[in-house]
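Asks: Before we start, here is the structure in question, set down as C-alpha cells.
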Amino acid sequence: MDKILDNRYYDLIVSNALVTSYNTGDNITTMNDLFSLLHIPKDRMDPCDLGVNPYHSFPKLYTLESVVNTENSGEEQEEINPAAGLFGRGVIVGIVDTGIDYRHPSFMNNDKTTRILSIWDQTIEGTPPRGFAFGSEYTKELINFALLSEYPYTIVPSKDTYRHGTAIASIIAGRSNEKEGFSGVVPQADIVVVKLKEAKENLKRLFCVGTDSLCYQESDIIMGVRYLINVANRLNRPLVICLALGTSQGGHEGRGVLSTYLESLVQLPKISIITSAGNEGNSRRHYFGEIAKEPYVQSVQLNSGGIDSEYFMEIWPYIPSGLSVQLTAPTFETSEVINPWKGDCRKLSFQSIKTNIWVNNILFEEGTGNQFILLRFRNMFSGIWYISLFSEDLTPFSFHCWLPSGILISNETYFINSDPNTTITMQGDTASVLTVTAYNQTDGTILAESSKGYTRLEQIKPDLAAPGYRLPCAIPDFQYGTATGTGVAAAYAAGIAAMIIEWAYFKGNYTTVTGNQISRLMMRTADRDPGYIYPNRIWGYGKLNAENIFKEILIF
C-alpha cells in the first residue's frame with residue numbers, strides 16, 4: 001500500500017527546500033512547488049507524537065460547509081443572463097469536494113455527452129493522474145463510454161455518496177431544467193472534479209476526532225487543487241476553483257500551508273479561487289478574552305455536552321503574552337499548572353473522572369511564531385469545565401479560543417460566553433482569495449450560521465455575501481433538491497467569477513486577468529445598504545450583484 005494511504009504512517013508537511021535531507025526514496029509525496037509530505041512510520045501511535053513533531057507539520061482537518069436536502073424548495077432559480085450573454089463557455093470549473101454523480105443530466109450536453117473533462121477519485125486505487133501516486137483518473141472519453149453502458153459504474157465507479165460535491169458543481173455549472181425550476185449560474189462551463197479521500201484515521205485519532213467523523217485532510221485538498229491547475233494548464237484554459245469546505249484549526253491569519261498556496265495562485269492570470277466563509281457564526285465555538293487589570297487571570301467556561309466524548313480546543317494568545325494554563329473539571333478537581341514550553345506534551349488524568357487531556361503549551365509555534373495552546377480531550381466528562389489562563393510576566397493579555405468546526409463536534413459543546421466574531425474558517429482568511437458568506441435571498445437577511453469576521457489579525461473577511469439559502473441544486477441519482485450554507489454561496493459566486501473570466505479571456509477584453517483582480521471587481525460592485533458601514537464583520541463589502549459587475553465592465 002502506498003504510504004499516503006497507510007495508517008501506519010503519519011503524513012507531515014515539509015518545505016520542499018528540506019526534502020533532500022529527508023528523502024530516502026519512497027517516503028516523500030510532492031504536494032506542490034512549495035511543500036511535500038514526509039511519511040513517518042509509527043509502530044504505536046500516541047497523542048504526544050504531536051509535540052515530538054511540530055503542530056504545523058500535521059495537515060488540518062476540513063469539513064463540508066453546506067447542508068444538502070432532498071426536498072425541492074418549490075421556488076424557481078432564475079438564470080443570470082447579463083447583456084453580454086455569458087454562460088461560462090470555455091471556462092473550466094474546478095471542484096475539490098465529495099465527488100460528483102457524472103450520470104446526472106445537469107452535467108451533460110444536449111447530445112447526452114458529458115461536460116466533465118475528468119475526475120480524479122482519490123478513494124479508488126487504480127491509475128492515478130500523471131504526477132500523482134494514488135487514486136484513479138477518469139477522462140471525458142471514459143465517462144462518455146460509461147454513459148452509454150447499462151452498467152456505467154463498472155466502467156467509471158466514482159460516486160458521490162454524500163451529495164455535497166454534486167450539489168456544489170450543479171449550482172455553479174448545472175444544465176438548466178425548466179421542469180425542476182433549476183439552472184446553474186454558468187450552464188455551459190466545463191467541469192473538473194476531485195473526489196477527496198477521507199482523512200487518515202491516525203490523523204483523526206491524533207486530534208481526538210471520532211474515526212467515523214467525515215472530514216478531509218489539508219494535504220489532499222492541496223493536491224486536489226494542483227490537479228485542477230495541471231488540467232487547466234494542459235488544456236490552456238482559464239479556471240475557477242470553488243472550495244466549499246473549511247476548518248477552525250490554525251491561527252486564523254492566512255498563513256497556513258493551503259492559504260500560502262492559494263495566495264500564490266490567485267496572483268496568476270486566468271485563475272480565480274472562491275471559498276466559503278464557514279457556518280460557525282451561531283455555533284458558540286469561539287471565545288475571545290482580554291485582560292487589562294491584575295491579577296491577569298482569565299477563566300474560560302466550556303460546556304461539554306454528553307454527546308461529545310472526544311474533541312480538541314485551540315488557544316491562540318497575542319504577542320507578547322506567555323500564558324500558563326490550568327483545567328478544572330465539573331467535579332471541581334483541578335489539574336497542575338502547565339507552563340509554556342518549546343514542544344512539551346503533558347497528559348492530565350483526574351481521580352474523580354476517567355477523562356484524559358493532552359496539553360501542548362507551545363511557547364513558539366513554528367508556523368506562526370506565536371504562542372499556541374492545544375487541548376485534546378478523550379472520555380470527556382460532561383458539564384462545565386474551567387480553563388484558566390495566567391500571564392507569566394503579570395502583564396495584560398488577550399487571546400482567542402476555537403473548538404472544532406462543522407460536524408466534528410455537536411452543538412451541545414460550546415463556550416458559555418462565546419463570541420460570534422472571528423469565526424471565519426480557514427482558508428477563508430487567505431488575503432486575496434474571495435471569501436463568501438451567505439444570506440437568505442428570500443428576505444435579504446444574513447444567515448444566522450454564517451461566520452463573522454475579521455481574521456485574528458483584523459484583516460477584512462468575509463469579502464462579500466451571496467445567496468445561500470435553499471438554492472436549488474442537483475443531487476445524485478437523477479434527483480434535485482436544495483442546499484444551504486456558505487459553501488452554497490461560494491458556489492454561486494464562483495459561477496459569477498466564471499462569467500467574468502469568459503468576458504475577459506474568451507471575449508478578448510482582458511486576457512491576463514488574475515483571480516485577485518476578479519475578486520476586487522466583485523467586491524467593488526457589491527450592493528451596500530446605506531444603513532451600514534462597509535466593510536463590516538457580517539457582510540464584508542456587501543451583497544454580490546452580477547448586474548452591477550457587468551454594467552461596469554461593459555463600459556470598457
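In the C-alpha cells, chains take the letters A, B, ... in the order shown, each chain's residues start at 1, and ligands count up from 1 in the order shown.
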So that I can see what lies close to Val297 in chain A, please list as a PyMOL selection string the residues with an atom at most 8 Å from it, counting only C-alpha atoms and leaving out residues fewer than 2 positions away in the same chain.

Replies: chain A and resi 291+294-295+299+388-391

Asks: Please, could you write that set of residues out with all heavy atoms as a compact mmCIF listing (two decimals), in the first residue's frame?

Replies:
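Resulting contents of out.txt:
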# COMPACT_ATOMS: atom_id res chain seq x y z
N ILE A 291 -7.69 40.73 29.06
CA ILE A 291 -7.48 41.07 30.46
C ILE A 291 -6.52 42.24 30.56
O ILE A 291 -5.37 42.17 30.09
CB ILE A 291 -6.91 39.86 31.24
CG1 ILE A 291 -7.84 38.66 31.10
CG2 ILE A 291 -6.71 40.21 32.71
CD1 ILE A 291 -9.26 38.90 31.56
N GLU A 294 -4.87 43.58 36.95
CA GLU A 294 -4.49 42.50 37.84
C GLU A 294 -5.73 41.76 38.36
O GLU A 294 -6.78 42.35 38.47
CB GLU A 294 -3.67 43.07 39.01
CG GLU A 294 -2.34 43.64 38.59
CD GLU A 294 -1.53 44.13 39.80
OE1 GLU A 294 -2.01 43.99 40.95
OE2 GLU A 294 -0.43 44.64 39.58
N PRO A 295 -5.63 40.48 38.63
CA PRO A 295 -4.41 39.65 38.73
C PRO A 295 -3.98 38.99 37.42
O PRO A 295 -3.20 38.03 37.43
CB PRO A 295 -4.82 38.60 39.76
CG PRO A 295 -6.28 38.38 39.49
CD PRO A 295 -6.81 39.75 39.11
N SER A 299 -10.61 33.02 33.20
CA SER A 299 -11.17 31.67 33.25
C SER A 299 -12.21 31.52 32.16
O SER A 299 -13.20 32.26 32.13
CB SER A 299 -11.79 31.38 34.62
OG SER A 299 -12.24 30.05 34.68
N SER A 388 -8.35 27.97 32.91
CA SER A 388 -7.80 29.21 33.47
C SER A 388 -6.46 29.52 32.82
O SER A 388 -5.59 28.64 32.71
CB SER A 388 -7.61 29.09 34.99
OG SER A 388 -8.86 28.87 35.62
N LEU A 389 -6.31 30.77 32.40
CA LEU A 389 -5.08 31.24 31.76
C LEU A 389 -4.43 32.29 32.63
O LEU A 389 -5.09 33.22 33.11
CB LEU A 389 -5.39 31.80 30.37
CG LEU A 389 -6.02 30.79 29.38
CD1 LEU A 389 -6.53 31.50 28.14
CD2 LEU A 389 -5.01 29.71 29.00
N PHE A 390 -3.11 32.17 32.82
CA PHE A 390 -2.36 33.06 33.70
C PHE A 390 -1.23 33.73 32.90
O PHE A 390 -0.53 33.05 32.15
CB PHE A 390 -1.72 32.28 34.86
CG PHE A 390 -2.67 31.39 35.60
CD1 PHE A 390 -2.89 30.09 35.18
CD2 PHE A 390 -3.33 31.84 36.73
CE1 PHE A 390 -3.76 29.24 35.86
CE2 PHE A 390 -4.19 31.00 37.43
CZ PHE A 390 -4.42 29.71 36.99
N SER A 391 -1.05 35.01 33.12
CA SER A 391 0.07 35.71 32.50
C SER A 391 1.35 35.41 33.26
O SER A 391 1.45 35.67 34.47
CB SER A 391 -0.18 37.22 32.48
OG SER A 391 0.97 37.91 32.05

Asks: Check which residues of range 202-319 of chain A sit at most 9 Å from range 358-376 of chain A using only C-alpha atoms, and return one row each with the closest pair of atoms and their distance in Å to one decimal, ordered by chain and rising number, as a Markdown table.

Replies:
| residue | atom | partner | partner_atom | distance |
| --- | --- | --- | --- | --- |
| A:Leu206 | CA | A:Arg376 | CA | 8.7 |
| A:Phe207 | CA | A:Arg376 | CA | 6.5 |
| A:Cys208 | CA | A:Arg376 | CA | 6.2 |
| A:Gly251 | CA | A:Thr368 | CA | 7.3 |
| A:Glu253 | CA | A:Thr368 | CA | 8.8 |
| A:Arg255 | CA | A:Thr368 | CA | 7.2 |
| A:Gly256 | CA | A:Gly367 | CA | 7.5 |
| A:Val257 | CA | A:Gly367 | CA | 8.9 |
| A:Glu310 | CA | A:Arg376 | CA | 7.6 |
| A:Tyr311 | CA | A:Arg376 | CA | 6.0 |
| A:Phe312 | CA | A:Arg376 | CA | 4.3 |
| A:Met313 | CA | A:Leu375 | CA | 5.1 |
| A:Glu314 | CA | A:Leu374 | CA | 4.8 |
| A:Ile315 | CA | A:Ile373 | CA | 5.0 |
| A:Trp316 | CA | A:Phe372 | CA | 5.1 |
| A:Pro317 | CA | A:Gln371 | CA | 6.1 |
| A:Tyr318 | CA | A:Asn370 | CA | 7.1 |
| A:Ile319 | CA | A:Asn370 | CA | 6.6 |

Asks: Please run DSSP on the backbone and report, as number ranges by chain, all residues within range 440-489 of chain A that come out as strand (DSSP E or B).

Replies: A: 446, 464-467, 471-475, 479-484

Asks: Just the number, please: distance in Å from CA of Gln351 in chain A to CA of Arg284 in chain A, one decimal.

Replies: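 The value is 29.6 Å.
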
Asks: Have a look at CA of Glu412 in chain A and CA of Thr484 in chain A and let me know their distance in Å, one decimal.

Replies: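 Taking CA of Glu412 in chain A and CA of Thr484 in chain A, their separation equals 21.6 Å.
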
Asks: Could you give me, as a VMD selection string, the residues within 8 Å of Thr70 in chain A, counting only C-alpha atoms and dropping anything in the same chain fewer than 4 positions from it?

Replies: chain A and resid 475 479 to 482

Asks: Of the residues A:Asn548, A:Thr260, A:Asn379, A:Ser405, which is the one nearest to Ser213 in chain A, using only C-alpha atoms?

Replies: A:Ser405

Asks: Using only C-alpha atoms, which protein or nucleic acid residues come within 8 Å of Ala199 in chain A? Drop anything in the same chain fewer than 2 positions from it, and give the result as a PyMOL selection string.

Replies: chain A and resi 61+197+201+203-204+215-217

Asks: Please list as a VMD selection string every residue within 7 Å of range 416-429 of chain A, counting only C-alpha atoms and excluding residues in the same chain fewer than 5 positions away.

Replies: chain A and resid 246 to 248 252 to 254 258 to 259 275 to 278 280 to 282 284 to 288 301 to 303 435 451 to 456 461

Asks: Any chance you could export the current selection's N, CA, C and O atoms as a tab-separated table (two decimals), in the first residue's frame?

Replies:
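Output saved as part.tsv:
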chain	number	residue	atom	x	y	z
A	246	GLY	N	-13.99	23.98	5.07
A	246	GLY	CA	-13.16	24.82	5.91
A	246	GLY	C	-12.83	24.15	7.23
A	246	GLY	O	-13.31	23.04	7.54
A	247	THR	N	-12.01	24.83	8.03
A	247	THR	CA	-11.60	24.32	9.33
A	247	THR	C	-11.41	25.48	10.30
A	247	THR	O	-11.08	26.59	9.88
A	248	SER	N	-11.61	25.21	11.58
A	248	SER	CA	-11.32	26.21	12.61
A	248	SER	C	-9.97	25.98	13.26
A	248	SER	O	-9.62	26.63	14.23
A	252	HIS	N	-5.83	31.43	12.10
A	252	HIS	CA	-6.84	32.32	11.52
A	252	HIS	C	-6.22	33.64	11.05
A	252	HIS	O	-6.74	34.73	11.28
A	253	GLU	N	-5.10	33.52	10.36
A	253	GLU	CA	-4.41	34.72	9.90
A	253	GLU	C	-3.91	34.61	8.46
A	253	GLU	O	-3.13	35.43	8.00
A	254	GLY	N	-4.32	33.55	7.75
A	254	GLY	CA	-3.97	33.43	6.34
A	254	GLY	C	-2.55	33.00	6.07
A	254	GLY	O	-2.03	33.25	4.97
A	258	LEU	N	-2.14	25.62	3.07
A	258	LEU	CA	-3.10	25.76	1.98
A	258	LEU	C	-3.28	27.23	1.60
A	258	LEU	O	-3.31	27.57	0.40
A	259	SER	N	-3.38	28.11	2.58
A	259	SER	CA	-3.54	29.54	2.29
A	259	SER	C	-2.35	30.09	1.50
A	259	SER	O	-2.52	30.88	0.57
A	275	THR	N	-13.89	30.79	-2.02
A	275	THR	CA	-14.03	29.88	-0.88
A	275	THR	C	-15.14	30.35	0.04
A	275	THR	O	-15.53	31.52	0.04
A	276	SER	N	-15.65	29.42	0.82
A	276	SER	CA	-16.73	29.72	1.76
A	276	SER	C	-16.17	30.30	3.05
A	276	SER	O	-15.03	30.02	3.45
A	277	ALA	N	-16.99	31.09	3.73
A	277	ALA	CA	-16.58	31.75	4.97
A	277	ALA	C	-16.74	30.86	6.19
A	277	ALA	O	-16.13	31.10	7.23
A	278	GLY	N	-17.58	29.84	6.08
A	278	GLY	CA	-17.85	28.97	7.23
A	278	GLY	C	-19.24	29.19	7.80
A	278	GLY	O	-19.87	30.23	7.56
A	280	GLU	N	-20.01	29.00	11.26
A	280	GLU	CA	-19.72	28.96	12.70
A	280	GLU	C	-20.24	30.18	13.44
A	280	GLU	O	-19.93	30.37	14.62
A	281	GLY	N	-21.02	31.03	12.77
A	281	GLY	CA	-21.43	32.30	13.37
A	281	GLY	C	-22.29	32.17	14.61
A	281	GLY	O	-22.21	33.00	15.52
A	282	ASN	N	-23.13	31.14	14.67
A	282	ASN	CA	-24.02	30.97	15.83
A	282	ASN	C	-23.78	29.65	16.55
A	282	ASN	O	-24.62	29.18	17.31
A	284	ARG	N	-21.37	29.04	18.78
A	284	ARG	CA	-20.80	29.28	20.12
A	284	ARG	C	-19.49	28.51	20.33
A	284	ARG	O	-19.18	28.10	21.44
A	285	ARG	N	-18.74	28.38	19.26
A	285	ARG	CA	-17.48	27.63	19.33
A	285	ARG	C	-16.25	28.53	19.34
A	285	ARG	O	-15.13	28.05	19.17
A	286	HIS	N	-16.46	29.84	19.50
A	286	HIS	CA	-15.33	30.77	19.57
A	286	HIS	C	-15.45	31.62	20.83
A	286	HIS	O	-16.55	32.03	21.24
A	287	TYR	N	-14.30	31.87	21.45
A	287	TYR	CA	-14.25	32.70	22.66
A	287	TYR	C	-13.11	33.70	22.50
A	287	TYR	O	-12.03	33.35	22.01
A	288	PHE	N	-13.36	34.94	22.89
A	288	PHE	CA	-12.30	35.96	22.91
A	288	PHE	C	-12.17	36.52	24.32
A	288	PHE	O	-13.19	36.87	24.95
A	301	GLN	N	-15.12	29.37	30.40
A	301	GLN	CA	-16.07	28.33	30.77
A	301	GLN	C	-16.51	27.57	29.52
A	301	GLN	O	-17.04	28.15	28.57
A	302	LEU	N	-16.26	26.29	29.55
A	302	LEU	CA	-16.58	25.40	28.43
A	302	LEU	C	-17.64	24.41	28.87
A	302	LEU	O	-17.43	23.63	29.81
A	303	ASN	N	-18.80	24.44	28.21
A	303	ASN	CA	-19.84	23.45	28.47
A	303	ASN	C	-19.62	22.25	27.55
A	303	ASN	O	-19.74	22.35	26.33
A	435	THR	N	-13.58	35.37	-0.24
A	435	THR	CA	-14.26	34.65	0.83
A	435	THR	C	-15.71	35.10	0.89
A	435	THR	O	-15.99	36.28	1.07
A	451	SER	N	-20.41	32.56	9.24
A	451	SER	CA	-19.29	33.00	10.07
A	451	SER	C	-19.05	34.50	9.93
A	451	SER	O	-19.29	35.09	8.87
A	452	LYS	N	-18.56	35.10	10.99
A	452	LYS	CA	-18.32	36.53	11.05
A	452	LYS	C	-16.81	36.81	11.05
A	452	LYS	O	-16.01	36.02	11.51
A	453	GLY	N	-16.45	38.00	10.56
A	453	GLY	CA	-15.05	38.42	10.55
A	453	GLY	C	-14.64	39.09	11.84
A	453	GLY	O	-15.40	39.12	12.80
A	454	TYR	N	-13.52	39.69	11.88
A	454	TYR	CA	-12.49	39.62	10.85
A	454	TYR	C	-11.55	38.46	11.15
A	454	TYR	O	-11.88	37.59	11.95
A	455	THR	N	-10.36	38.44	10.55
A	455	THR	CA	-9.36	37.45	10.91
A	455	THR	C	-8.75	37.82	12.27
A	455	THR	O	-9.00	38.89	12.81
A	456	ARG	N	-7.92	36.94	12.79
A	456	ARG	CA	-7.30	37.20	14.09
A	456	ARG	C	-6.41	38.43	14.05
A	456	ARG	O	-6.20	39.10	15.08
A	461	LYS	N	-12.41	40.20	6.38
A	461	LYS	CA	-13.06	38.99	5.90
A	461	LYS	C	-14.39	38.89	6.62
A	461	LYS	O	-14.46	39.23	7.82

Asks: In Å, with one decimal, what is the gap from CA of Asn536 in chain A to CA of Ile241 in chain A?

Replies: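 For CA of Asn536 in chain A relative to CA of Ile241 in chain A, the distance reads 25.4 Å.
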
Asks: Show which residues sit within 12 Å of Tyr510 in chain A, as a VMD selection string. Count only C-alpha atoms, and ignore same-chain residues fewer than 6 positions away.

Replies: chain A and resid 269 to 270 500 to 504 517 to 518 553 to 554 556

Asks: From a DSSP calculation on the backbone, collect every residue of range 198-342 of chain A in helix (DSSP H, G or I) and output the set as JSON, numbers by chain.

Replies: {"A": [201, 202, 203, 204, 205, 206, 218, 219, 220, 221, 222, 223, 224, 225, 226, 227, 228, 229, 230, 231, 232, 233, 234, 235, 257, 258, 259, 260, 261, 262, 263, 264, 265]}

Asks: Please save C-alpha atoms of the selected residues as a PDB file, in the first residue's frame.

Replies:
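Output below, filename result20.pdb:
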ATOM      1  CA  GLU A 201      -7.570   7.504  10.804  1.00  0.00           C
ATOM      2  CA  ASN A 202      -4.272   8.233  12.558  1.00  0.00           C
ATOM      3  CA  LEU A 203      -4.711  11.975  11.967  1.00  0.00           C
ATOM      4  CA  LYS A 204      -8.233  11.853  13.375  1.00  0.00           C
ATOM      5  CA  ARG A 205      -7.035   9.970  16.434  1.00  0.00           C
ATOM      6  CA  LEU A 206      -4.180  12.412  16.938  1.00  0.00           C
ATOM      7  CA  GLU A 218      -5.393  19.624   4.155  1.00  0.00           C
ATOM      8  CA  SER A 219      -2.733  17.823   2.146  1.00  0.00           C
ATOM      9  CA  ASP A 220      -5.292  16.040  -0.047  1.00  0.00           C
ATOM     10  CA  ILE A 221      -7.046  19.337  -0.741  1.00  0.00           C
ATOM     11  CA  ILE A 222      -3.737  20.905  -1.784  1.00  0.00           C
ATOM     12  CA  MET A 223      -3.032  18.059  -4.187  1.00  0.00           C
ATOM     13  CA  GLY A 224      -6.587  18.328  -5.497  1.00  0.00           C
ATOM     14  CA  VAL A 225      -6.024  21.985  -6.307  1.00  0.00           C
ATOM     15  CA  ARG A 226      -2.735  21.137  -8.021  1.00  0.00           C
ATOM     16  CA  TYR A 227      -4.539  18.565 -10.148  1.00  0.00           C
ATOM     17  CA  LEU A 228      -7.050  21.198 -11.280  1.00  0.00           C
ATOM     18  CA  ILE A 229      -4.211  23.562 -12.154  1.00  0.00           C
ATOM     19  CA  ASN A 230      -2.444  20.829 -14.128  1.00  0.00           C
ATOM     20  CA  VAL A 231      -5.563  20.077 -16.191  1.00  0.00           C
ATOM     21  CA  ALA A 232      -6.212  23.757 -16.929  1.00  0.00           C
ATOM     22  CA  ASN A 233      -2.570  24.335 -17.933  1.00  0.00           C
ATOM     23  CA  ARG A 234      -2.537  21.265 -20.179  1.00  0.00           C
ATOM     24  CA  LEU A 235      -5.662  22.462 -21.973  1.00  0.00           C
ATOM     25  CA  VAL A 257       0.072  25.837   4.085  1.00  0.00           C
ATOM     26  CA  LEU A 258      -3.103  25.762   1.977  1.00  0.00           C
ATOM     27  CA  SER A 259      -3.541  29.542   2.288  1.00  0.00           C
ATOM     28  CA  THR A 260       0.053  30.131   1.167  1.00  0.00           C
ATOM     29  CA  TYR A 261      -0.512  28.003  -1.916  1.00  0.00           C
ATOM     30  CA  LEU A 262      -3.839  29.606  -2.828  1.00  0.00           C
ATOM     31  CA  GLU A 263      -2.449  33.113  -2.338  1.00  0.00           C
ATOM     32  CA  SER A 264       0.267  32.385  -4.912  1.00  0.00           C
ATOM     33  CA  LEU A 265      -2.246  31.013  -7.423  1.00  0.00           C
TER      34      LEU A 265
END

Asks: With only C-alpha atoms as the counted atoms, please give the residues lying no more than 8 Å from Pro330 in chain A, apart from itself and same-chain residues fewer than 6 positions off, as a list in words.

Replies: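 My reading of the contact set: Phe381, Ser382, Gly383, Ile384, Trp385 and Tyr386 of chain A.
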
Asks: So, counting only C-alpha atoms, which residue among A:Leu239, A:Val186, A:Ala438, A:Ile168 is closest to Ile92 in chain A?

Replies: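 Among the listed residues, the smallest separation from Ile92 in chain A belongs to A:Leu239.
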